[in-house]
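See below for data_6.txt, which holds compact mmCIF, C-alpha atoms and all ligand atoms.
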```txt
# COMPACT_ATOMS: atom_id res chain seq x y z
CA MET T 1 15.45 122.87 119.62
CA ASN T 2 11.99 121.47 118.85
CA ILE T 3 10.29 120.04 121.91
CA GLY T 4 7.06 118.10 122.33
CA VAL T 5 5.18 117.95 125.63
CA MET T 6 2.65 115.14 126.12
CA GLY T 7 0.11 116.20 128.77
CA VAL T 8 0.69 119.90 128.15
CA THR T 9 -2.55 120.90 129.93
CA GLY T 10 -1.82 118.89 133.09
CA LEU T 11 -0.21 120.04 136.34
CA VAL T 12 3.26 118.77 135.42
CA GLY T 13 2.95 119.78 131.75
CA THR T 14 2.02 123.33 132.78
CA ASP T 15 5.12 123.52 134.98
CA ILE T 16 7.29 122.18 132.14
CA LEU T 17 6.31 125.18 130.00
CA ARG T 18 6.85 127.56 132.91
CA ILE T 19 10.31 126.13 133.62
CA LEU T 20 11.38 126.17 129.95
CA GLU T 21 10.46 129.87 129.97
CA GLN T 22 12.20 130.61 133.25
CA ARG T 23 15.41 128.82 132.21
CA GLN T 24 15.24 130.51 128.80
CA THR T 25 15.70 127.17 127.11
CA PRO T 26 16.19 127.86 123.41
CA VAL T 27 12.96 126.38 122.02
CA THR T 28 12.25 126.88 118.32
CA GLU T 29 9.02 124.90 118.27
CA LEU T 30 6.94 123.79 121.27
CA ARG T 31 4.39 121.15 120.26
CA GLY T 32 1.80 120.39 122.95
CA PHE T 33 -0.26 117.21 123.15
CA ALA T 34 -3.29 116.54 125.32
CA SER T 35 -6.47 114.46 125.15
CA GLN T 36 -9.24 114.82 122.59
CA ARG T 37 -11.05 116.98 125.19
CA SER T 38 -8.40 119.70 124.84
CA ALA T 39 -7.82 119.54 121.08
CA GLY T 40 -7.67 123.10 119.76
CA ARG T 41 -7.37 124.67 123.22
CA THR T 42 -4.41 127.02 123.61
CA VAL T 43 -1.88 127.27 126.45
CA PRO T 44 0.44 130.25 126.94
CA PHE T 45 4.15 129.89 126.18
CA ASN T 46 6.96 132.43 125.76
CA GLY T 47 4.57 135.31 125.16
CA GLY T 48 2.61 133.38 122.52
CA GLU T 49 0.22 130.45 122.46
CA VAL T 50 0.54 126.75 121.81
CA THR T 51 -2.46 124.93 120.34
CA CYS T 52 -3.06 121.49 121.86
CA ARG T 53 -2.98 118.54 119.50
CA VAL T 54 -3.94 114.91 119.92
CA LEU T 55 -1.46 112.05 119.66
CA GLU T 56 -1.54 110.48 116.21
CA PRO T 57 0.86 108.69 113.87
CA GLY T 58 3.64 111.00 112.68
CA CYS T 59 2.93 113.58 115.39
CA PHE T 60 6.56 113.58 116.61
CA ASP T 61 8.16 114.14 113.21
CA GLY T 62 10.72 116.96 113.31
CA LEU T 63 10.98 117.05 117.12
CA ASP T 64 14.33 116.70 118.94
CA ALA T 65 12.85 115.72 122.28
CA VAL T 66 9.56 114.81 123.91
CA VAL T 67 8.71 115.20 127.59
CA VAL T 68 6.02 112.75 128.71
CA ASP T 69 3.59 114.02 131.35
CA VAL T 70 0.66 111.64 130.88
CA ASP T 71 -0.45 108.51 132.72
CA ASP T 72 1.41 105.20 132.35
CA PRO T 73 -0.77 103.48 129.70
CA ILE T 74 -0.51 106.47 127.35
CA SER T 75 3.24 106.65 127.89
CA LEU T 76 3.60 102.90 127.30
CA GLU T 77 1.94 103.33 123.93
CA TRP T 78 3.42 106.63 122.75
CA ALA T 79 6.86 107.14 124.35
CA PRO T 80 8.42 104.34 122.21
CA GLN T 81 6.86 105.92 119.12
CA ALA T 82 8.50 109.25 119.99
CA ALA T 83 11.84 107.46 120.48
CA ALA T 84 11.37 105.65 117.15
CA ALA T 85 10.88 109.05 115.53
CA GLY T 86 14.39 109.96 116.74
CA CYS T 87 13.41 112.04 119.77
CA VAL T 88 15.10 111.96 123.16
CA VAL T 89 12.25 110.98 125.46
CA ILE T 90 12.10 112.11 129.09
CA ASP T 91 9.26 110.31 130.85
CA ASN T 92 7.63 111.49 134.06
CA SER T 93 5.26 108.53 134.24
CA ALA T 94 6.08 105.21 135.93
CA ALA T 95 5.81 103.25 132.67
CA PHE T 96 9.52 102.56 132.13
CA ARG T 97 11.13 103.42 135.47
CA MET T 98 12.17 99.89 136.37
CA ASP T 99 13.13 98.86 132.82
CA PRO T 100 16.83 97.91 132.98
CA ASP T 101 17.37 99.61 129.60
CA VAL T 102 15.93 102.91 130.79
CA PRO T 103 17.97 105.08 133.16
CA LEU T 104 16.17 106.53 136.18
CA VAL T 105 17.73 109.88 136.89
CA VAL T 106 17.78 112.60 139.52
CA ALA T 107 19.74 115.41 137.87
CA GLU T 108 21.82 116.22 140.97
CA VAL T 109 22.53 112.58 141.85
CA ASN T 110 23.14 110.35 138.80
CA PRO T 111 23.15 112.50 135.61
CA GLU T 112 25.94 110.28 134.22
CA ASP T 113 23.32 107.54 133.70
CA LEU T 114 21.95 109.60 130.81
CA ALA T 115 25.05 108.77 128.75
CA ASP T 116 23.47 105.48 127.69
CA LEU T 117 19.89 105.51 126.34
CA PRO T 118 19.42 102.10 124.67
CA LYS T 119 15.70 102.74 124.11
CA GLY T 120 15.99 106.50 123.61
CA ILE T 121 13.97 106.91 126.82
CA ALA T 122 15.02 108.15 130.25
CA SER T 123 12.68 108.17 133.25
CA CYS T 124 12.18 110.61 136.10
CA PRO T 125 11.59 108.97 139.49
CA ASN T 126 8.31 109.41 141.32
CA CYS T 127 7.99 112.74 143.10
CA THR T 128 8.62 111.42 146.64
CA THR T 129 11.74 109.44 145.80
CA MET T 130 13.04 112.37 143.74
CA VAL T 131 12.79 114.88 146.58
CA LEU T 132 14.35 112.42 149.02
CA MET T 133 17.26 111.52 146.73
CA VAL T 134 18.33 115.15 146.38
CA ALA T 135 18.94 115.13 150.15
CA LEU T 136 20.33 111.61 150.54
CA GLY T 137 22.46 111.38 147.37
CA PRO T 138 25.32 113.53 148.75
CA LEU T 139 25.42 111.49 151.98
CA HIS T 140 25.31 108.14 150.18
CA ALA T 141 28.17 109.23 147.88
CA VAL T 142 30.64 109.33 150.80
CA ASN T 143 29.08 106.84 153.22
CA PRO T 144 26.77 104.29 151.58
CA ILE T 145 23.28 103.97 153.01
CA LYS T 146 22.51 100.56 154.49
CA ARG T 147 18.96 101.07 155.73
CA LEU T 148 16.32 103.73 155.21
CA ILE T 149 12.95 104.15 156.92
CA VAL T 150 10.69 106.76 155.36
CA SER T 151 7.30 108.20 156.27
CA THR T 152 5.74 110.56 153.76
CA TYR T 153 3.25 113.41 153.90
CA GLN T 154 2.18 113.70 150.25
CA SER T 155 0.19 116.57 148.81
CA VAL T 156 -2.99 116.12 146.78
CA SER T 157 -1.43 117.53 143.58
CA GLY T 158 0.61 114.33 143.45
CA ALA T 159 -2.62 112.85 142.08
CA GLY T 160 -2.83 115.45 139.28
CA GLN T 161 -5.56 117.99 138.62
CA ALA T 162 -8.25 115.65 139.91
CA GLY T 163 -6.57 115.50 143.34
CA LEU T 164 -6.15 119.26 143.53
CA HIS T 165 -9.79 119.85 142.62
CA GLU T 166 -11.06 117.27 145.11
CA LEU T 167 -9.39 119.00 148.09
CA ARG T 168 -10.49 122.47 146.92
CA ASP T 169 -14.09 121.36 146.35
CA GLN T 170 -14.33 119.64 149.74
CA TRP T 171 -13.00 122.74 151.55
CA GLN T 172 -15.26 125.10 149.61
CA ALA T 173 -18.39 123.04 150.08
CA ASN T 174 -17.93 122.89 153.85
CA ALA T 175 -16.10 126.14 154.67
CA ASP T 176 -18.75 127.38 157.15
CA ASP T 177 -19.55 124.08 158.79
CA LEU T 178 -17.72 123.68 162.12
CA ASP T 179 -19.39 120.31 162.75
CA TRP T 180 -17.97 119.05 159.47
CA MET T 181 -14.50 120.28 160.42
CA THR T 182 -14.58 118.64 163.81
CA SER T 183 -16.50 115.47 162.96
CA SER T 184 -14.94 112.47 164.62
CA GLY T 185 -15.47 108.72 164.69
CA SER T 186 -19.09 109.24 165.63
CA GLY T 187 -19.98 110.83 162.29
CA GLU T 188 -20.02 109.44 158.79
CA ILE T 189 -17.12 110.70 156.74
CA PRO T 190 -18.11 111.08 153.09
CA GLN T 191 -16.39 109.38 150.20
CA GLY T 192 -14.29 111.25 147.70
CA LYS T 193 -13.80 110.48 144.02
CA VAL T 194 -10.02 110.35 143.90
CA TRP T 195 -9.65 108.95 147.42
CA PRO T 196 -12.00 106.49 149.10
CA ILE T 197 -12.55 108.89 152.00
CA GLN T 198 -12.68 112.68 152.35
CA ILE T 199 -9.18 114.21 152.21
CA ALA T 200 -10.00 117.71 153.52
CA GLY T 201 -9.19 117.86 157.24
CA ASN T 202 -7.94 114.30 157.12
CA ALA T 203 -4.79 112.21 156.58
CA ILE T 204 -5.07 109.00 154.57
CA PRO T 205 -2.40 106.43 155.47
CA LEU T 206 -2.69 104.61 152.16
CA ALA T 207 -1.24 106.41 149.15
CA GLY T 208 -1.54 104.31 145.99
CA SER T 209 -2.98 100.81 145.80
CA VAL T 210 -2.10 97.88 148.04
CA LYS T 211 0.45 95.48 146.55
CA ASP T 212 2.82 92.77 147.86
CA ALA T 213 3.35 92.44 151.62
CA GLY T 214 0.67 95.07 152.27
CA TYR T 215 2.90 97.84 150.93
CA THR T 216 1.25 100.27 148.51
CA SER T 217 2.38 101.07 144.97
CA GLU T 218 3.78 104.39 146.24
CA GLU T 219 5.74 102.58 148.98
CA TRP T 220 7.19 100.05 146.53
CA LYS T 221 8.25 102.92 144.25
CA LEU T 222 10.27 104.36 147.11
CA VAL T 223 11.89 100.98 147.78
CA ARG T 224 12.75 100.04 144.20
CA GLU T 225 13.53 103.45 142.74
CA THR T 226 15.91 104.33 145.61
CA ARG T 227 17.93 101.20 144.89
CA LYS T 228 18.06 101.87 141.16
CA ILE T 229 19.06 105.55 141.46
CA LEU T 230 21.74 104.87 144.07
CA HIS T 231 22.98 101.79 142.16
CA ASP T 232 22.70 99.56 145.19
CA PRO T 233 20.16 96.70 145.09
CA ASP T 234 20.93 95.82 148.71
CA ILE T 235 19.80 99.01 150.42
CA GLN T 236 17.07 98.08 152.90
CA VAL T 237 14.13 100.46 152.52
CA SER T 238 10.83 100.54 154.36
CA ALA T 239 8.20 103.19 153.69
CA THR T 240 4.77 104.36 154.81
CA CYS T 241 3.14 106.79 152.39
CA VAL T 242 0.42 109.11 153.68
CA ARG T 243 -1.77 111.54 151.73
CA VAL T 244 -2.36 114.84 153.57
CA PRO T 245 -4.58 117.84 152.77
CA VAL T 246 -1.73 119.99 151.43
CA PHE T 247 -2.13 121.38 147.92
CA VAL T 248 1.48 121.31 146.68
CA GLY T 249 4.68 120.01 148.29
CA HIS T 250 5.57 116.53 149.45
CA ALA T 251 7.32 116.10 152.81
CA MET T 252 8.93 113.13 154.50
CA THR T 253 10.89 111.97 157.48
CA ALA T 254 13.88 109.73 156.82
CA ASN T 255 15.73 107.62 159.36
CA VAL T 256 19.01 106.61 157.74
CA GLU T 257 21.72 104.11 158.70
CA PHE T 258 25.05 104.16 156.88
CA GLU T 259 27.94 101.76 156.45
CA ARG T 260 29.89 103.68 159.08
CA PRO T 261 28.46 106.05 161.70
CA MET T 262 27.44 109.49 160.38
CA SER T 263 27.45 112.41 162.80
CA LYS T 264 25.15 115.39 162.44
CA ALA T 265 28.23 117.58 161.90
CA GLU T 266 29.41 115.43 158.99
CA ALA T 267 25.94 115.38 157.40
CA VAL T 268 25.65 119.15 157.76
CA SER T 269 29.05 119.70 156.12
CA LEU T 270 28.08 117.39 153.23
CA LEU T 271 24.67 118.98 152.68
CA ALA T 272 25.70 122.62 153.20
CA ASP T 273 26.86 123.08 149.60
CA ALA T 274 25.02 120.18 147.96
CA PRO T 275 23.29 121.03 144.67
CA GLY T 276 19.53 121.45 144.49
CA LEU T 277 18.83 121.84 148.19
CA VAL T 278 18.72 124.41 150.96
CA LEU T 279 19.77 123.17 154.38
CA ASP T 280 18.43 124.61 157.63
CA ALA T 281 19.71 121.84 159.88
CA ASP T 282 17.80 122.90 163.00
CA GLY T 283 14.89 124.46 161.15
CA ALA T 284 11.54 122.97 160.19
CA PRO T 285 10.77 123.95 156.57
CA THR T 286 7.21 123.27 155.43
CA PRO T 287 5.71 122.12 152.12
CA LEU T 288 4.12 125.53 151.64
CA GLU T 289 7.61 127.10 151.77
CA ALA T 290 8.86 124.56 149.23
CA ALA T 291 5.93 125.06 146.83
CA GLY T 292 6.84 127.07 143.75
CA ILE T 293 10.60 127.03 144.24
CA ASP T 294 13.32 124.83 142.76
CA PRO T 295 15.34 123.63 145.76
CA VAL T 296 14.42 120.83 148.11
CA LEU T 297 14.38 122.01 151.75
CA VAL T 298 16.12 119.93 154.43
CA GLY T 299 15.70 120.45 158.18
CA ARG T 300 15.38 118.72 161.57
CA VAL T 301 18.75 116.98 161.15
CA ARG T 302 19.29 114.91 164.28
CA GLU T 303 21.41 112.03 165.50
CA ASP T 304 19.06 109.12 166.24
CA VAL T 305 19.12 108.74 170.03
CA SER T 306 18.01 105.11 169.74
CA ARG T 307 20.71 104.03 167.27
CA PRO T 308 24.13 105.70 167.45
CA GLY T 309 25.50 106.57 164.01
CA ALA T 310 22.08 106.84 162.34
CA LEU T 311 20.41 110.12 161.37
CA ASP T 312 16.91 111.58 161.24
CA LEU T 313 16.05 114.18 158.62
CA TRP T 314 13.01 116.08 157.40
CA VAL T 315 12.84 116.78 153.66
CA THR T 316 10.26 118.70 151.67
CA GLY T 317 10.05 119.73 148.01
CA ASP T 318 7.66 120.86 145.32
CA ASN T 319 6.34 117.62 143.81
CA LEU T 320 5.41 119.35 140.56
CA ARG T 321 8.72 121.20 140.09
CA LYS T 322 11.72 119.24 141.44
CA GLY T 323 9.45 116.23 141.84
CA ALA T 324 8.70 116.18 138.12
CA ALA T 325 8.94 119.14 135.72
CA LEU T 326 12.22 120.73 136.80
CA ASN T 327 14.04 117.41 136.86
CA ALA T 328 12.70 116.57 133.40
CA VAL T 329 13.98 119.86 131.98
CA GLN T 330 17.35 119.36 133.69
CA MET T 331 17.55 115.87 132.17
CA LEU T 332 16.57 117.24 128.78
CA GLU T 333 19.41 119.78 128.95
CA VAL T 334 21.98 117.08 129.77
CA ALA T 335 20.68 114.57 127.19
CA LEU T 336 20.53 117.09 124.36
CA ALA T 337 23.99 118.50 125.20
CA GLN T 338 25.34 114.95 124.91
CA ARG T 339 23.74 114.57 121.49
CA SER T 340 25.17 117.74 119.99
N1 LIG W 1 1.53 115.42 139.92
C1 LIG W 1 2.73 115.09 140.37
O1 LIG W 1 3.17 115.52 141.45
C2 LIG W 1 3.60 114.18 139.56
C3 LIG W 1 4.93 114.01 139.96
C4 LIG W 1 5.76 113.12 139.26
C5 LIG W 1 5.24 112.44 138.16
N2 LIG W 1 3.94 112.64 137.81
C6 LIG W 1 3.45 111.91 136.63
O2 LIG W 1 3.30 112.85 135.57
C7 LIG W 1 2.21 112.46 134.72
C8 LIG W 1 1.21 113.63 134.61
O3 LIG W 1 0.75 113.93 135.92
P1 LIG W 1 -0.11 115.24 136.23
O4 LIG W 1 -0.14 115.37 137.69
O5 LIG W 1 0.35 116.40 135.41
O6 LIG W 1 -1.56 114.78 135.70
P2 LIG W 1 -2.83 115.68 135.27
O7 LIG W 1 -2.75 117.01 135.89
O8 LIG W 1 -4.01 114.84 135.54
O9 LIG W 1 -2.63 115.84 133.69
C9 LIG W 1 -2.76 114.74 132.80
C10 LIG W 1 -2.44 115.19 131.39
O10 LIG W 1 -2.57 114.05 130.53
C11 LIG W 1 -3.37 114.45 129.40
N3 LIG W 1 -4.04 113.31 128.80
C12 LIG W 1 -5.02 112.53 129.33
N4 LIG W 1 -5.42 111.62 128.43
C13 LIG W 1 -4.69 111.83 127.30
C14 LIG W 1 -4.63 111.22 126.03
N5 LIG W 1 -5.43 110.18 125.71
N6 LIG W 1 -3.74 111.70 125.10
C15 LIG W 1 -2.93 112.74 125.40
N7 LIG W 1 -2.93 113.36 126.60
C16 LIG W 1 -3.81 112.91 127.55
C17 LIG W 1 -4.33 115.45 130.00
O11 LIG W 1 -4.95 116.18 128.96
P3 LIG W 1 -6.44 116.82 129.16
O12 LIG W 1 -6.26 118.10 129.91
O13 LIG W 1 -6.89 117.03 127.75
O14 LIG W 1 -7.26 115.81 129.90
C18 LIG W 1 -3.38 116.26 130.85
O15 LIG W 1 -2.66 117.17 130.06
C19 LIG W 1 1.63 111.18 135.35
O16 LIG W 1 2.24 110.04 134.77
C20 LIG W 1 2.07 111.29 136.81
O17 LIG W 1 2.15 110.05 137.44
C21 LIG W 1 3.11 113.49 138.47
```

Target encoding structure tokens, full file:
Amino acid sequence: MNIGVMGVTGLVGTDILRILEQRQTPVTELRGFASQRSAGRTVPFNGGEVTCRVLEPGCFDGLDAVVVDVDDPISLEWAPQAAAAGCVVIDNSAAFRMDPDVPLVVAEVNPEDLADLPKGIASCPNCTTMVLMVALGPLHAVNPIKRLIVSTYQSVSGAGQAGLHELRDQWQANADDLDWMTSSGSGEIPQGKVWPIQIAGNAIPLAGSVKDAGYTSEEWKLVRETRKILHDPDIQVSATCVRVPVFVGHAMTANVEFERPMSKAEAVSLLADAPGLVLDADGAPTPLEAAGIDPVLVGRVREDVSRPGALDLWVTGDNLRKGAALNAVQMLEVALAQRS
């Protein structure tokens, strides 16, 4: 199998290579693409090295599949060219997620959607929706979700290398300054580059940019992508997305109402053996525990005392692995098996 990775030097691209190695995916050629800045740079893969190339006409010739781990505008331009070159394209960007001719797939929830690829492209959901769907998919399959209220605690790596570096640099620059750590409304909080306000020691209740009805782009992704993945345009979803000073691992609370009442016992029995997750119903798994591992962690399962039949859950997962790279490799495996 000959595989191309667009964005091979990025956070998600790096994890793609790691996961292909760990799953011992039979790769004959790995072709890595990055920006002009990285042309000629090498990245390690399978005991050897891959030299980064730039995107240019003909660059996908001879490849079976391309995984896209670059920003939306670059994907919009180049993913269709990879598909036109005959490659199966798995896209981690948001460029095609809501295109009706592009399936949006969580490998454990709706892999059957990969059977039809009219444009040769399949999209991965955003990292928050992905992690959440692994936990809610098995419940929805037996008792459809009617309403979902989500609050997220999203790590800085969700904003790529720039986000990771911003948190690290702010911590390092101020590590010995107790006044900085405890500064409150009386002090001036400095601006960041990625976020409009310092993220270290803070929580920013505005992830993404503000769109319709005051919801942010990240919040609308949760609304729209949930409906598409679960094949139900009527699910009511409300979300508040918050950026927190965690390096890797997104977490979220979900309050869920179903068509018929769902007890904690029923949810626990459905999630106990569900694929891609580890359930600790009364536990409180943290993003740091989820970072670097494949499964999504589910805890704090409770019956909502204010609304009989509804449930509260806490879900956390590695936004770079299950939230992006692992799911892309899982999709690649399914799509290429279908082709052969
Ligand atoms: N981070 C997450 O948790 C996450 C989760 C789900 C989906 N995603 C999506 O995955 C994609 C990659 O995210 P990331 O976090 O890995 O970002 P990142 O760490 O900032 O990496 C971006 C990658 O894009 C490359 N790139 C930039 N300009 C390019 C160009 N003109 N031509 C070719 N390559 C170019 C960069 O190469 P250089 O190193 O040369 O600049 C780098 O490899 C984005 O669409 C993001 O929304 C991210």

Could you please extract the residues within 7 Å of ligand LIG 1 (chain W), counting only C-alpha atoms and all ligand atoms, and hand them back as a PDB file with C-alpha atoms, in the frame of the given file?
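Contents of part.pdb, as written:
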```
ATOM      1  CA  MET T   6       2.650 115.140 126.120  1.00  0.00           C
ATOM      2  CA  GLY T   7       0.110 116.200 128.770  1.00  0.00           C
ATOM      3  CA  VAL T   8       0.690 119.900 128.150  1.00  0.00           C
ATOM      4  CA  THR T   9      -2.550 120.900 129.930  1.00  0.00           C
ATOM      5  CA  GLY T  10      -1.820 118.890 133.090  1.00  0.00           C
ATOM      6  CA  LEU T  11      -0.210 120.040 136.340  1.00  0.00           C
ATOM      7  CA  VAL T  12       3.260 118.770 135.420  1.00  0.00           C
ATOM      8  CA  GLY T  13       2.950 119.780 131.750  1.00  0.00           C
ATOM      9  CA  PHE T  33      -0.260 117.210 123.150  1.00  0.00           C
ATOM     10  CA  ALA T  34      -3.290 116.540 125.320  1.00  0.00           C
ATOM     11  CA  SER T  35      -6.470 114.460 125.150  1.00  0.00           C
ATOM     12  CA  GLN T  36      -9.240 114.820 122.590  1.00  0.00           C
ATOM     13  CA  ARG T  37     -11.050 116.980 125.190  1.00  0.00           C
ATOM     14  CA  SER T  38      -8.400 119.700 124.840  1.00  0.00           C
ATOM     15  CA  VAL T  54      -3.940 114.910 119.920  1.00  0.00           C
ATOM     16  CA  LEU T  55      -1.460 112.050 119.660  1.00  0.00           C
ATOM     17  CA  ASP T  69       3.590 114.020 131.350  1.00  0.00           C
ATOM     18  CA  VAL T  70       0.660 111.640 130.880  1.00  0.00           C
ATOM     19  CA  ASP T  71      -0.450 108.510 132.720  1.00  0.00           C
ATOM     20  CA  ASP T  72       1.410 105.200 132.350  1.00  0.00           C
ATOM     21  CA  ILE T  74      -0.510 106.470 127.350  1.00  0.00           C
ATOM     22  CA  ASN T  92       7.630 111.490 134.060  1.00  0.00           C
ATOM     23  CA  SER T  93       5.260 108.530 134.240  1.00  0.00           C
ATOM     24  CA  ALA T  94       6.080 105.210 135.930  1.00  0.00           C
ATOM     25  CA  ASN T 126       8.310 109.410 141.320  1.00  0.00           C
ATOM     26  CA  CYS T 127       7.990 112.740 143.100  1.00  0.00           C
ATOM     27  CA  SER T 157      -1.430 117.530 143.580  1.00  0.00           C
ATOM     28  CA  GLY T 158       0.610 114.330 143.450  1.00  0.00           C
ATOM     29  CA  ALA T 159      -2.620 112.850 142.080  1.00  0.00           C
ATOM     30  CA  GLY T 160      -2.830 115.450 139.280  1.00  0.00           C
ATOM     31  CA  GLN T 161      -5.560 117.990 138.620  1.00  0.00           C
ATOM     32  CA  ALA T 162      -8.250 115.650 139.910  1.00  0.00           C
ATOM     33  CA  ASN T 319       6.340 117.620 143.810  1.00  0.00           C
ATOM     34  CA  LEU T 320       5.410 119.350 140.560  1.00  0.00           C
ATOM     35  CA  GLY T 323       9.450 116.230 141.840  1.00  0.00           C
ATOM     36  CA  ALA T 324       8.700 116.180 138.120  1.00  0.00           C
TER      37      ALA T 324
END
```

I need the residue nearest Ile197 of chain T from this list: T:Asn46, T:Thr14, T:Ser217, T:Gln170. Use all atoms listed in the file for the distance. T:Gln170

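In this comparison, which uses only C-alpha atoms, the residue of T:Asn255, T:Gln338, T:Gln198, T:Asn327 approaching Val305 of chain T most closely is T:Asn255.
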
Using all atoms listed in the file, which protein or nucleic acid residues come within 8 Å of Ala335 of chain T? Drop anything in the same chain fewer than 4 positions from it, and give the result as an mmCIF file with C-alpha atoms, keeping the file's coordinate frame.
```cif
data_model
loop_
_atom_site.group_PDB
_atom_site.id
_atom_site.type_symbol
_atom_site.label_atom_id
_atom_site.label_comp_id
_atom_site.auth_asym_id
_atom_site.auth_seq_id
_atom_site.Cartn_x
_atom_site.Cartn_y
_atom_site.Cartn_z
ATOM 1 C CA VAL T 88 15.100 111.960 123.160
ATOM 2 C CA LEU T 114 21.950 109.600 130.810
ATOM 3 C CA ALA T 115 25.050 108.770 128.750
ATOM 4 C CA MET T 331 17.550 115.870 132.170
ATOM 5 C CA ARG T 339 23.740 114.570 121.490
#
```

Shell around Ser269 of chain T at 12 Å using all atoms listed in the file, local window under 2 positions removed, as an MDAnalysis selection string: chainID T and resid 138:139 142 262:267 271:274 279:281 301

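If you look at atom CA of Glu219 of chain T and atom CA of Leu311 of chain T, they are 20.6 Å away from each other.
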
Skip Glu108 of chain T itself and residues of its chain fewer than 5 positions away, then list as a count of residues only all residues within 12 Å of it, counting only C-alpha atoms. 26

Reconstruct segment 282-294 of chain T at the level of N, CA and C atoms, and format the result as a PDB file, in the coordinates of the input.
```
ATOM      1  N   ASP T 282      18.638 122.911 161.806  1.00  0.00           N
ATOM      2  CA  ASP T 282      17.800 122.900 163.000  1.00  0.00           C
ATOM      3  C   ASP T 282      16.424 123.495 162.739  1.00  0.00           C
ATOM      4  N   GLY T 283      16.177 123.856 161.497  1.00  0.00           N
ATOM      5  CA  GLY T 283      14.890 124.460 161.150  1.00  0.00           C
ATOM      6  C   GLY T 283      13.860 123.404 160.797  1.00  0.00           C
ATOM      7  N   ALA T 284      12.652 123.875 160.500  1.00  0.00           N
ATOM      8  CA  ALA T 284      11.540 122.970 160.190  1.00  0.00           C
ATOM      9  C   ALA T 284      10.802 123.502 158.961  1.00  0.00           C
ATOM     10  N   PRO T 285      11.412 123.411 157.780  1.00  0.00           N
ATOM     11  CA  PRO T 285      10.770 123.950 156.570  1.00  0.00           C
ATOM     12  C   PRO T 285       9.494 123.169 156.239  1.00  0.00           C
ATOM     13  N   THR T 286       8.516 123.885 155.704  1.00  0.00           N
ATOM     14  CA  THR T 286       7.210 123.270 155.430  1.00  0.00           C
ATOM     15  C   THR T 286       6.973 123.127 153.924  1.00  0.00           C
ATOM     16  N   PRO T 287       6.027 122.260 153.541  1.00  0.00           N
ATOM     17  CA  PRO T 287       5.710 122.120 152.120  1.00  0.00           C
ATOM     18  C   PRO T 287       5.295 123.434 151.470  1.00  0.00           C
ATOM     19  N   LEU T 288       4.569 124.260 152.220  1.00  0.00           N
ATOM     20  CA  LEU T 288       4.120 125.530 151.640  1.00  0.00           C
ATOM     21  C   LEU T 288       5.321 126.417 151.291  1.00  0.00           C
ATOM     22  N   GLU T 289       6.395 126.328 152.090  1.00  0.00           N
ATOM     23  CA  GLU T 289       7.610 127.100 151.770  1.00  0.00           C
ATOM     24  C   GLU T 289       8.326 126.515 150.567  1.00  0.00           C
ATOM     25  N   ALA T 290       8.175 125.216 150.357  1.00  0.00           N
ATOM     26  CA  ALA T 290       8.860 124.560 149.230  1.00  0.00           C
ATOM     27  C   ALA T 290       8.072 124.719 147.933  1.00  0.00           C
ATOM     28  N   ALA T 291       6.776 124.999 148.032  1.00  0.00           N
ATOM     29  CA  ALA T 291       5.930 125.060 146.830  1.00  0.00           C
ATOM     30  C   ALA T 291       6.317 126.262 145.968  1.00  0.00           C
ATOM     31  N   GLY T 292       6.544 125.995 144.691  1.00  0.00           N
ATOM     32  CA  GLY T 292       6.840 127.070 143.750  1.00  0.00           C
ATOM     33  C   GLY T 292       8.305 127.421 143.615  1.00  0.00           C
ATOM     34  N   ILE T 293       9.171 126.745 144.372  1.00  0.00           N
ATOM     35  CA  ILE T 293      10.600 127.030 144.240  1.00  0.00           C
ATOM     36  C   ILE T 293      11.336 125.764 143.789  1.00  0.00           C
ATOM     37  N   ASP T 294      12.562 125.968 143.290  1.00  0.00           N
ATOM     38  CA  ASP T 294      13.320 124.830 142.760  1.00  0.00           C
ATOM     39  C   ASP T 294      13.936 123.940 143.839  1.00  0.00           C
TER      40      ASP T 294
END
```
